[in-house]
Amino acid sequence: MLGGVILLVTPQTVTDKFQLAFARIFRTPLGVSRSITLSARTSQPVKDVVSRGEYNKLLNQLANVTQQLDQAQQKVEALSGLHRKFAAADAKFVLAEVIKSSSTDIVINCGQNYSLSKGQFVMAEDSIIGSISDVWAQTAQVRLITSPKSKIAVKIGRLNVEAVMRGDGKGSARIRLIPVKHKVRIGDEVFALKAAGMLNWPMIVGRVSNCRTDDGNPLLWDITVKPVCDVDSLNDVAVIVLNQQK
Amino acid sequence: MPEFIHTQKGMSMKWLRAALLVCFIAVIQAGLANVLAVTSLNIKPDLLLALMVFFAVSSTSRDAIVLSFAIGFAADVITIGQPMGPRTISFGLIGTMLAHIHNVLVIRKISHQVVTVFFSGLLVFSISNFLTFLANHSVVTHAYTVVLGTSLYSSIAAPFLLLPSAWLMRMKTSRLNR
């Protein structure tokens with residue numbers, strides 16, 4: 001009982017080490033379990049010419065490129081032909097394997113040894129899936145955009161409306177405080193906004209899956225955003241590490 | 001008297017076997033239990049809860065209490081990203097309570113054990129959710145549904161764990177001298 005109370009009052013950064021040690025020790029059986037879980041969830045045959053995963057990835061890539069093109073065009077118009085270097089050229093990507101995942105967080109096998117730090121964005125299938133919430137020597141914890149603790153600045157691509165998106169802990173995220181005068185539609189793409197030192201270009205995070213007026217204030221939307229990337233099926237992710245000397 | 005000796009022998013704890021069983025079930029709970037997850041709330045059976053009830057109704061009070069805390073610690077360790085302690089305390093408390101109840105009330109039939117798993121689950125998950133809230137002020141969304149669903153699902157899955165565990169531990173799930 002006393003042990004339990006001591007564990008409860010111990011800082012989570014310390015107790016996390018027990019949990020990560022478990023994940024490391026039982027990495028093999030947990031990996032096998034994960035594969036079985038994934039195969040059980042994706043047992044239905046895919047009849048598309050291109051696999052669903054590949055299709056989603058290409059769709060996300062298209063959305064990102066379109067968004068970058070729009071930005072580039074605006075920039076070109078504004079600066080009258082001044083050359084702009086592609087934003088992603090300033091970034092490097094640290095590829096990492098997923099050790100453990102839950103509905104709100106994942107743990108990856110790269111940490112301070114790969115210069116990872118808190119707040120860096122994590123992408124998969126050409127979309128933002130979350131950001132680093134904790135870093136240890138050889139592992140890091142990624143807070144998914146669907147986590148209730150996640151809060152990122154986004155914009156709804158077609159409308160160019162900026163807002164804050166929070167995870168709802170149920171596999172989706174919510175955007176509130178957008179006036180109903182903006183014609184938000186189901187299927188609209190939602191992009192993570194540029195963040196100084198973290199993200200140099202807007203990147204897709206999800207699509208609007210539901211849009212209704214807020215129960216508390218009928219003048220505002222209550223928008224549900226579904227991530228474009230199925231995190232459950234991920235084995236690898238990429239952490240965006242921007243070059244600080246630029 | 002011979003019957004009493006037989007009971008004591010039948011209830012003697014095989015600690016190494018128990019520790020391996022707890023580790024094995026913890027790994028299963030952390031990994032394979034996700035296959036059984038249902039609904040968008042990701043409700044899955046808690047095999048460690050069923051294991052706690054199994055030990056509480058089939059071993060001596062002292063052994064049951066020690067194992068309840070150990071199982072709670074295992075449940076804390078496999079819950080990555082959450083504060084440690086709530087499950088150690090809640091499993092320990094309810095395991096202790098069950099062990100004392102078992103001193104005066106025999107939980108012999110498998111159906112009674114299933115019901116015990118259900119009500120233990122309600123208490124264990126409620127306490128651990130409350131302690132988690134105290135620790136980091138985060139609450140599980142739809143907490144009541146998750147607690148009820150997990151307890152119900154655990155009780156349904158419990159017979160599939162109770163019987164193999166009894167066989168593996170070579171333990172009798174009831175006290176013969178009552």
# chains A, B, ... in the order shown; residues from 1 in each chain; ligands from 1
$ closest_atom_pairs --of "chain A" --to "chain B" --cutoff "9 Å" --atoms "only C-alpha atoms" --output "tab-separated table"
residue	atom	partner	partner_atom	distance
A:Met1	CA	B:Ile89	CA	5.9
A:Leu2	CA	B:Ile89	CA	8.6
A:Gly3	CA	B:Gly85	CA	7.9
A:Gly4	CA	B:Gly85	CA	4.6
A:Val5	CA	B:Gly85	CA	6.2
A:Ile6	CA	B:Gly85	CA	7.4
A:Leu7	CA	B:Gly85	CA	4.7
A:Leu8	CA	B:Gly85	CA	4.3
A:Val9	CA	B:Ala135	CA	7.4
A:Thr10	CA	B:Met84	CA	8.2
A:Pro11	CA	B:Pro83	CA	8.2
A:Gln12	CA	B:Pro83	CA	5.7
A:Thr15	CA	B:Met84	CA	6.2
A:Asp16	CA	B:Gly81	CA	6.9
A:Phe18	CA	B:Val77	CA	6.3
A:Gln19	CA	B:Val77	CA	4.7
A:Leu20	CA	B:Ile80	CA	7.3
A:Ala21	CA	B:Val77	CA	8.9
A:Phe22	CA	B:Val77	CA	6.9
A:Ala23	CA	B:Ile78	CA	7.8
A:Phe26	CA	B:Val27	CA	7.3
A:Pro29	CA	B:Val27	CA	7.4
A:Leu30	CA	B:Gly31	CA	5.3
A:Gly31	CA	B:Gly31	CA	8.0
A:Val32	CA	B:Gly31	CA	8.2
A:Ser33	CA	B:Gly31	CA	4.9
A:Arg34	CA	B:Gly31	CA	6.2
A:Ile36	CA	B:Leu32	CA	7.5
A:Thr37	CA	B:Val35	CA	4.9
A:Leu38	CA	B:Val35	CA	8.2
A:Ala40	CA	B:Val35	CA	6.8
A:Arg41	CA	B:Val35	CA	7.8
A:Lys100	CA	B:Ile80	CA	8.3
A:Ser101	CA	B:Ile80	CA	8.6
A:Ser102	CA	B:Ile80	CA	8.1
A:Ser103	CA	B:Asn42	CA	8.2
A:Thr104	CA	B:Gly81	CA	8.8
A:Asp105	CA	B:Gly81	CA	7.2
A:Ile106	CA	B:Gly81	CA	8.8
A:Val107	CA	B:Ile80	CA	8.7
A:Gln141	CA	B:Gly81	CA	8.1
A:Pro148	CA	B:Ser138	CA	8.6
A:Lys149	CA	B:Ser138	CA	8.6
A:Asp168	CA	B:Thr141	CA	8.0
A:Gly169	CA	B:Thr141	CA	6.8
A:Lys170	CA	B:Leu41	CA	6.5
A:Gly171	CA	B:Ser40	CA	7.8
$ write_last_selection --atoms "C-alpha atoms" --output "mmCIF file, in the first residue's frame"
data_model
loop_
_atom_site.group_PDB
_atom_site.id
_atom_site.type_symbol
_atom_site.label_atom_id
_atom_site.label_comp_id
_atom_site.auth_asym_id
_atom_site.auth_seq_id
_atom_site.Cartn_x
_atom_site.Cartn_y
_atom_site.Cartn_z
ATOM 1 C CA MET A 1 0.000 0.000 0.000
ATOM 2 C CA LEU A 2 2.811 2.329 0.963
ATOM 3 C CA GLY A 3 4.603 1.346 -2.244
ATOM 4 C CA GLY A 4 1.539 2.306 -4.253
ATOM 5 C CA VAL A 5 1.323 5.706 -2.569
ATOM 6 C CA ILE A 6 5.059 6.289 -3.153
ATOM 7 C CA LEU A 7 4.604 5.397 -6.833
ATOM 8 C CA LEU A 8 1.618 7.758 -7.022
ATOM 9 C CA VAL A 9 3.530 10.754 -5.676
ATOM 10 C CA THR A 10 6.716 9.986 -7.626
ATOM 11 C CA PRO A 11 7.107 12.280 -10.672
ATOM 12 C CA GLN A 12 5.840 10.652 -13.857
ATOM 13 C CA THR A 15 7.895 6.140 -13.180
ATOM 14 C CA ASP A 16 7.836 6.272 -16.979
ATOM 15 C CA PHE A 18 9.598 1.412 -15.349
ATOM 16 C CA GLN A 19 7.008 1.374 -18.111
ATOM 17 C CA LEU A 20 9.554 1.880 -20.876
ATOM 18 C CA ALA A 21 11.779 -0.805 -19.357
ATOM 19 C CA PHE A 22 8.827 -3.199 -19.597
ATOM 20 C CA ALA A 23 8.274 -2.208 -23.238
ATOM 21 C CA PHE A 26 9.130 -7.574 -23.749
ATOM 22 C CA PRO A 29 6.289 -10.583 -27.705
ATOM 23 C CA LEU A 30 4.685 -7.133 -27.776
ATOM 24 C CA GLY A 31 5.760 -6.744 -31.408
ATOM 25 C CA VAL A 32 4.253 -10.128 -32.276
ATOM 26 C CA SER A 33 1.034 -9.179 -30.453
ATOM 27 C CA ARG A 34 0.949 -5.933 -32.363
ATOM 28 C CA ILE A 36 -1.501 -10.140 -34.743
ATOM 29 C CA THR A 37 -3.718 -7.221 -33.695
ATOM 30 C CA LEU A 38 -3.070 -5.439 -36.964
ATOM 31 C CA ALA A 40 -6.922 -9.157 -37.185
ATOM 32 C CA ARG A 41 -8.090 -5.613 -37.843
ATOM 33 C CA LYS A 100 4.350 0.748 -28.253
ATOM 34 C CA SER A 101 1.142 2.485 -29.100
ATOM 35 C CA SER A 102 -2.084 3.389 -27.403
ATOM 36 C CA SER A 103 -5.079 5.409 -28.507
ATOM 37 C CA THR A 104 -3.444 8.648 -27.344
ATOM 38 C CA ASP A 105 0.329 8.117 -27.400
ATOM 39 C CA ILE A 106 3.014 6.121 -29.112
ATOM 40 C CA VAL A 107 6.553 5.380 -28.017
ATOM 41 C CA GLN A 141 6.887 9.558 -26.442
ATOM 42 C CA PRO A 148 -7.019 15.040 -25.070
ATOM 43 C CA LYS A 149 -3.767 16.752 -24.076
ATOM 44 C CA ASP A 168 -10.950 14.207 -28.000
ATOM 45 C CA GLY A 169 -9.335 10.920 -26.894
ATOM 46 C CA LYS A 170 -11.717 8.936 -29.091
ATOM 47 C CA GLY A 171 -9.689 8.765 -32.271
#
$ residues_around --residues "segment 198-206 of chain A" --least-positions-apart "4" --cutoff "8 Å" --atoms "only C-alpha atoms" --output "PyMOL selection string"
chain A and resi 60+63-64+67-68+87-88+119-121+126-129+189-194+225-229+240-242
$ closest_residue --among "B:Thr116, B:Ala64, B:Ala75, B:Leu105" --to "Ser128 of chain B" --atoms "only C-alpha atoms"
B:Ala75
$ residues_around --residues "Ile94 of chain B" --least-positions-apart "6" --cutoff "9 Å" --atoms "only C-alpha atoms" --output "PyMOL selection string"
chain B and resi 68+120+123-124
$ write_last_selection --atoms "C-alpha atoms" --output "short mmCIF file (atom, residue, chain, number, x, y, z; two decimals), in the first residue's frame"
data_model
loop_
_atom_site.label_atom_id
_atom_site.label_comp_id
_atom_site.auth_asym_id
_atom_site.auth_seq_id
_atom_site.Cartn_x
_atom_site.Cartn_y
_atom_site.Cartn_z
CA SER B 68 -2.93 -8.40 -5.47
CA SER B 120 -14.30 -6.16 -8.29
CA LEU B 123 -14.45 -1.00 -7.69
CA VAL B 124 -10.89 -1.40 -9.01
#
$ atom_distance --atom1 "atom CA of Asp188 of chain A" --atom2 "atom CA of Glu162 of chain A"
13.3 Å
$ select_by_dssp --residues "chain A" --states "alpha helix (DSSP H)" --output "tab-separated table (two decimals) with N, CA and C atoms, in the first residue's frame"
chain	number	residue	atom	x	y	z
A	2	LEU	N	1.88	1.20	0.88
A	2	LEU	CA	2.81	2.33	0.96
A	2	LEU	C	3.55	2.48	-0.37
A	3	GLY	N	3.92	1.32	-0.94
A	3	GLY	CA	4.60	1.35	-2.24
A	3	GLY	C	3.75	2.02	-3.30
A	4	GLY	N	2.46	1.70	-3.29
A	4	GLY	CA	1.54	2.31	-4.25
A	4	GLY	C	1.46	3.81	-4.09
A	5	VAL	N	1.40	4.26	-2.84
A	5	VAL	CA	1.32	5.71	-2.57
A	5	VAL	C	2.63	6.39	-3.01
A	6	ILE	N	3.77	5.70	-2.73
A	6	ILE	CA	5.06	6.29	-3.15
A	6	ILE	C	5.09	6.42	-4.67
A	7	LEU	N	4.63	5.35	-5.36
A	7	LEU	CA	4.60	5.40	-6.83
A	7	LEU	C	3.72	6.54	-7.32
A	8	LEU	N	2.59	6.74	-6.61
A	8	LEU	CA	1.62	7.76	-7.02
A	8	LEU	C	2.20	9.16	-6.91
A	9	VAL	N	2.99	9.40	-5.86
A	9	VAL	CA	3.53	10.75	-5.68
A	9	VAL	C	4.88	10.96	-6.38
A	12	GLN	N	6.11	11.60	-12.78
A	12	GLN	CA	5.84	10.65	-13.86
A	12	GLN	C	7.07	10.40	-14.72
A	13	THR	N	7.96	11.38	-14.78
A	13	THR	CA	9.18	11.20	-15.58
A	13	THR	C	10.03	10.05	-15.03
A	14	VAL	N	9.93	9.83	-13.71
A	14	VAL	CA	10.69	8.73	-13.09
A	14	VAL	C	9.96	7.40	-13.31
A	15	THR	N	8.65	7.40	-13.06
A	15	THR	CA	7.89	6.14	-13.18
A	15	THR	C	7.78	5.69	-14.64
A	16	ASP	N	7.87	6.64	-15.55
A	16	ASP	CA	7.84	6.27	-16.98
A	16	ASP	C	8.95	5.29	-17.32
A	17	LYS	N	10.06	5.40	-16.58
A	17	LYS	CA	11.20	4.53	-16.88
A	17	LYS	C	10.86	3.06	-16.63
A	18	PHE	N	10.04	2.79	-15.60
A	18	PHE	CA	9.60	1.41	-15.35
A	18	PHE	C	8.80	0.91	-16.56
A	19	GLN	N	7.89	1.78	-17.02
A	19	GLN	CA	7.01	1.37	-18.11
A	19	GLN	C	7.79	1.16	-19.41
A	20	LEU	N	8.76	2.03	-19.65
A	20	LEU	CA	9.55	1.88	-20.88
A	20	LEU	C	10.48	0.67	-20.77
A	21	ALA	N	10.94	0.39	-19.55
A	21	ALA	CA	11.78	-0.81	-19.36
A	21	ALA	C	10.97	-2.05	-19.69
A	22	PHE	N	9.71	-2.07	-19.27
A	22	PHE	CA	8.83	-3.20	-19.60
A	22	PHE	C	8.69	-3.33	-21.12
A	23	ALA	N	8.45	-2.18	-21.77
A	23	ALA	CA	8.27	-2.21	-23.24
A	23	ALA	C	9.54	-2.71	-23.93
A	24	ARG	N	10.71	-2.35	-23.36
A	24	ARG	CA	11.96	-2.78	-23.97
A	24	ARG	C	12.21	-4.27	-23.73
A	25	ILE	N	11.97	-4.71	-22.49
A	25	ILE	CA	12.24	-6.12	-22.14
A	25	ILE	C	11.35	-7.06	-22.96
A	27	ARG	N	9.85	-6.49	-25.76
A	27	ARG	CA	9.67	-5.89	-27.09
A	27	ARG	C	9.22	-6.92	-28.12
A	28	THR	N	9.86	-8.10	-28.08
A	28	THR	CA	9.55	-9.13	-29.08
A	28	THR	C	8.11	-9.63	-28.96
A	29	PRO	N	7.69	-10.12	-27.77
A	29	PRO	CA	6.29	-10.58	-27.71
A	29	PRO	C	5.28	-9.47	-27.95
A	30	LEU	N	5.62	-8.25	-27.53
A	30	LEU	CA	4.69	-7.13	-27.78
A	30	LEU	C	4.60	-6.83	-29.27
A	31	GLY	N	5.74	-6.96	-29.95
A	31	GLY	CA	5.76	-6.74	-31.41
A	31	GLY	C	4.92	-7.78	-32.12
A	32	VAL	N	5.05	-9.04	-31.68
A	32	VAL	CA	4.25	-10.13	-32.28
A	32	VAL	C	2.76	-9.87	-32.02
A	33	SER	N	2.44	-9.48	-30.79
A	33	SER	CA	1.03	-9.18	-30.45
A	33	SER	C	0.50	-8.07	-31.34
A	34	ARG	N	1.35	-7.09	-31.55
A	34	ARG	CA	0.95	-5.93	-32.36
A	34	ARG	C	0.65	-6.36	-33.80
A	35	SER	N	1.51	-7.25	-34.32
A	35	SER	CA	1.29	-7.74	-35.69
A	35	SER	C	-0.01	-8.53	-35.76
A	36	ILE	N	-0.26	-9.35	-34.75
A	36	ILE	CA	-1.50	-10.14	-34.74
A	36	ILE	C	-2.71	-9.21	-34.68
A	37	THR	N	-2.62	-8.18	-33.82
A	37	THR	CA	-3.72	-7.22	-33.70
A	37	THR	C	-3.99	-6.55	-35.03
A	38	LEU	N	-2.90	-6.14	-35.69
A	38	LEU	CA	-3.07	-5.44	-36.96
A	38	LEU	C	-3.65	-6.35	-38.02
A	39	SER	N	-3.16	-7.59	-38.08
A	39	SER	CA	-3.68	-8.50	-39.10
A	39	SER	C	-5.15	-8.84	-38.82
A	40	ALA	N	-5.52	-8.89	-37.53
A	40	ALA	CA	-6.92	-9.16	-37.18
A	40	ALA	C	-7.81	-8.00	-37.61
A	41	ARG	N	-7.28	-6.79	-37.50
A	41	ARG	CA	-8.09	-5.61	-37.84
A	41	ARG	C	-8.17	-5.38	-39.34
A	52	ARG	N	-5.28	0.66	-50.06
A	52	ARG	CA	-5.89	1.79	-49.37
A	52	ARG	C	-4.84	2.69	-48.72
A	53	GLY	N	-3.83	2.04	-48.13
A	53	GLY	CA	-2.76	2.80	-47.46
A	53	GLY	C	-2.02	3.68	-48.45
A	54	GLU	N	-1.71	3.08	-49.62
A	54	GLU	CA	-0.98	3.82	-50.65
A	54	GLU	C	-1.85	4.96	-51.17
A	55	TYR	N	-3.14	4.66	-51.34
A	55	TYR	CA	-4.08	5.67	-51.83
A	55	TYR	C	-4.16	6.86	-50.88
A	56	ASN	N	-4.29	6.54	-49.58
A	56	ASN	CA	-4.37	7.62	-48.58
A	56	ASN	C	-3.09	8.43	-48.55
A	57	LYS	N	-1.97	7.74	-48.68
A	57	LYS	CA	-0.67	8.42	-48.65
A	57	LYS	C	-0.56	9.38	-49.84
A	58	LEU	N	-0.97	8.88	-51.02
A	58	LEU	CA	-0.90	9.73	-52.23
A	58	LEU	C	-1.86	10.92	-52.10
A	59	LEU	N	-3.01	10.64	-51.51
A	59	LEU	CA	-4.01	11.70	-51.34
A	59	LEU	C	-3.47	12.79	-50.41
A	60	ASN	N	-2.81	12.35	-49.35
A	60	ASN	CA	-2.21	13.32	-48.41
A	60	ASN	C	-1.10	14.10	-49.07
A	61	GLN	N	-0.30	13.37	-49.86
A	61	GLN	CA	0.81	14.02	-50.55
A	61	GLN	C	0.27	15.09	-51.50
A	62	LEU	N	-0.81	14.74	-52.20
A	62	LEU	CA	-1.42	15.68	-53.13
A	62	LEU	C	-1.91	16.93	-52.40
A	63	ALA	N	-2.56	16.69	-51.24
A	63	ALA	CA	-3.06	17.83	-50.47
A	63	ALA	C	-1.93	18.73	-50.02
A	64	ASN	N	-0.83	18.12	-49.57
A	64	ASN	CA	0.33	18.92	-49.12
A	64	ASN	C	0.94	19.71	-50.27
A	65	VAL	N	1.10	19.03	-51.39
A	65	VAL	CA	1.72	19.69	-52.54
A	65	VAL	C	0.84	20.84	-53.04
A	66	THR	N	-0.48	20.58	-53.06
A	66	THR	CA	-1.41	21.62	-53.50
A	66	THR	C	-1.32	22.83	-52.58
A	67	GLN	N	-1.25	22.54	-51.28
A	67	GLN	CA	-1.17	23.61	-50.30
A	67	GLN	C	0.13	24.40	-50.47
A	68	GLN	N	1.23	23.67	-50.67
A	68	GLN	CA	2.52	24.34	-50.86
A	68	GLN	C	2.51	25.16	-52.15
A	69	LEU	N	1.84	24.62	-53.17
A	69	LEU	CA	1.76	25.33	-54.45
A	69	LEU	C	0.98	26.64	-54.28
A	70	ASP	N	-0.14	26.55	-53.55
A	70	ASP	CA	-0.93	27.76	-53.29
A	70	ASP	C	-0.09	28.82	-52.59
A	71	GLN	N	0.62	28.35	-51.57
A	71	GLN	CA	1.47	29.28	-50.82
A	71	GLN	C	2.54	29.88	-51.71
A	72	ALA	N	3.12	29.01	-52.53
A	72	ALA	CA	4.20	29.47	-53.40
A	72	ALA	C	3.67	30.52	-54.38
A	73	GLN	N	2.47	30.25	-54.89
A	73	GLN	CA	1.88	31.21	-55.84
A	73	GLN	C	1.64	32.56	-55.17
A	74	GLN	N	1.11	32.50	-53.93
A	74	GLN	CA	0.88	33.75	-53.20
A	74	GLN	C	2.18	34.51	-52.98
A	75	LYS	N	3.19	33.74	-52.65
A	75	LYS	CA	4.50	34.34	-52.38
A	75	LYS	C	5.07	34.97	-53.66
A	76	VAL	N	4.92	34.22	-54.74
A	76	VAL	CA	5.44	34.73	-56.02
A	76	VAL	C	4.74	36.03	-56.38
A	77	GLU	N	3.42	36.02	-56.19
A	77	GLU	CA	2.67	37.23	-56.50
A	77	GLU	C	3.12	38.39	-55.62
A	78	ALA	N	3.32	38.08	-54.33
A	78	ALA	CA	3.69	39.14	-53.39
A	78	ALA	C	5.10	39.68	-53.62
A	79	LEU	N	5.99	38.80	-53.91
A	79	LEU	CA	7.39	39.23	-54.02
A	79	LEU	C	7.86	39.42	-55.46
$ atom_distance --atom1 "atom CA of Leu98 of chain B" --atom2 "atom CA of Ala157 of chain B"
19.3 Å
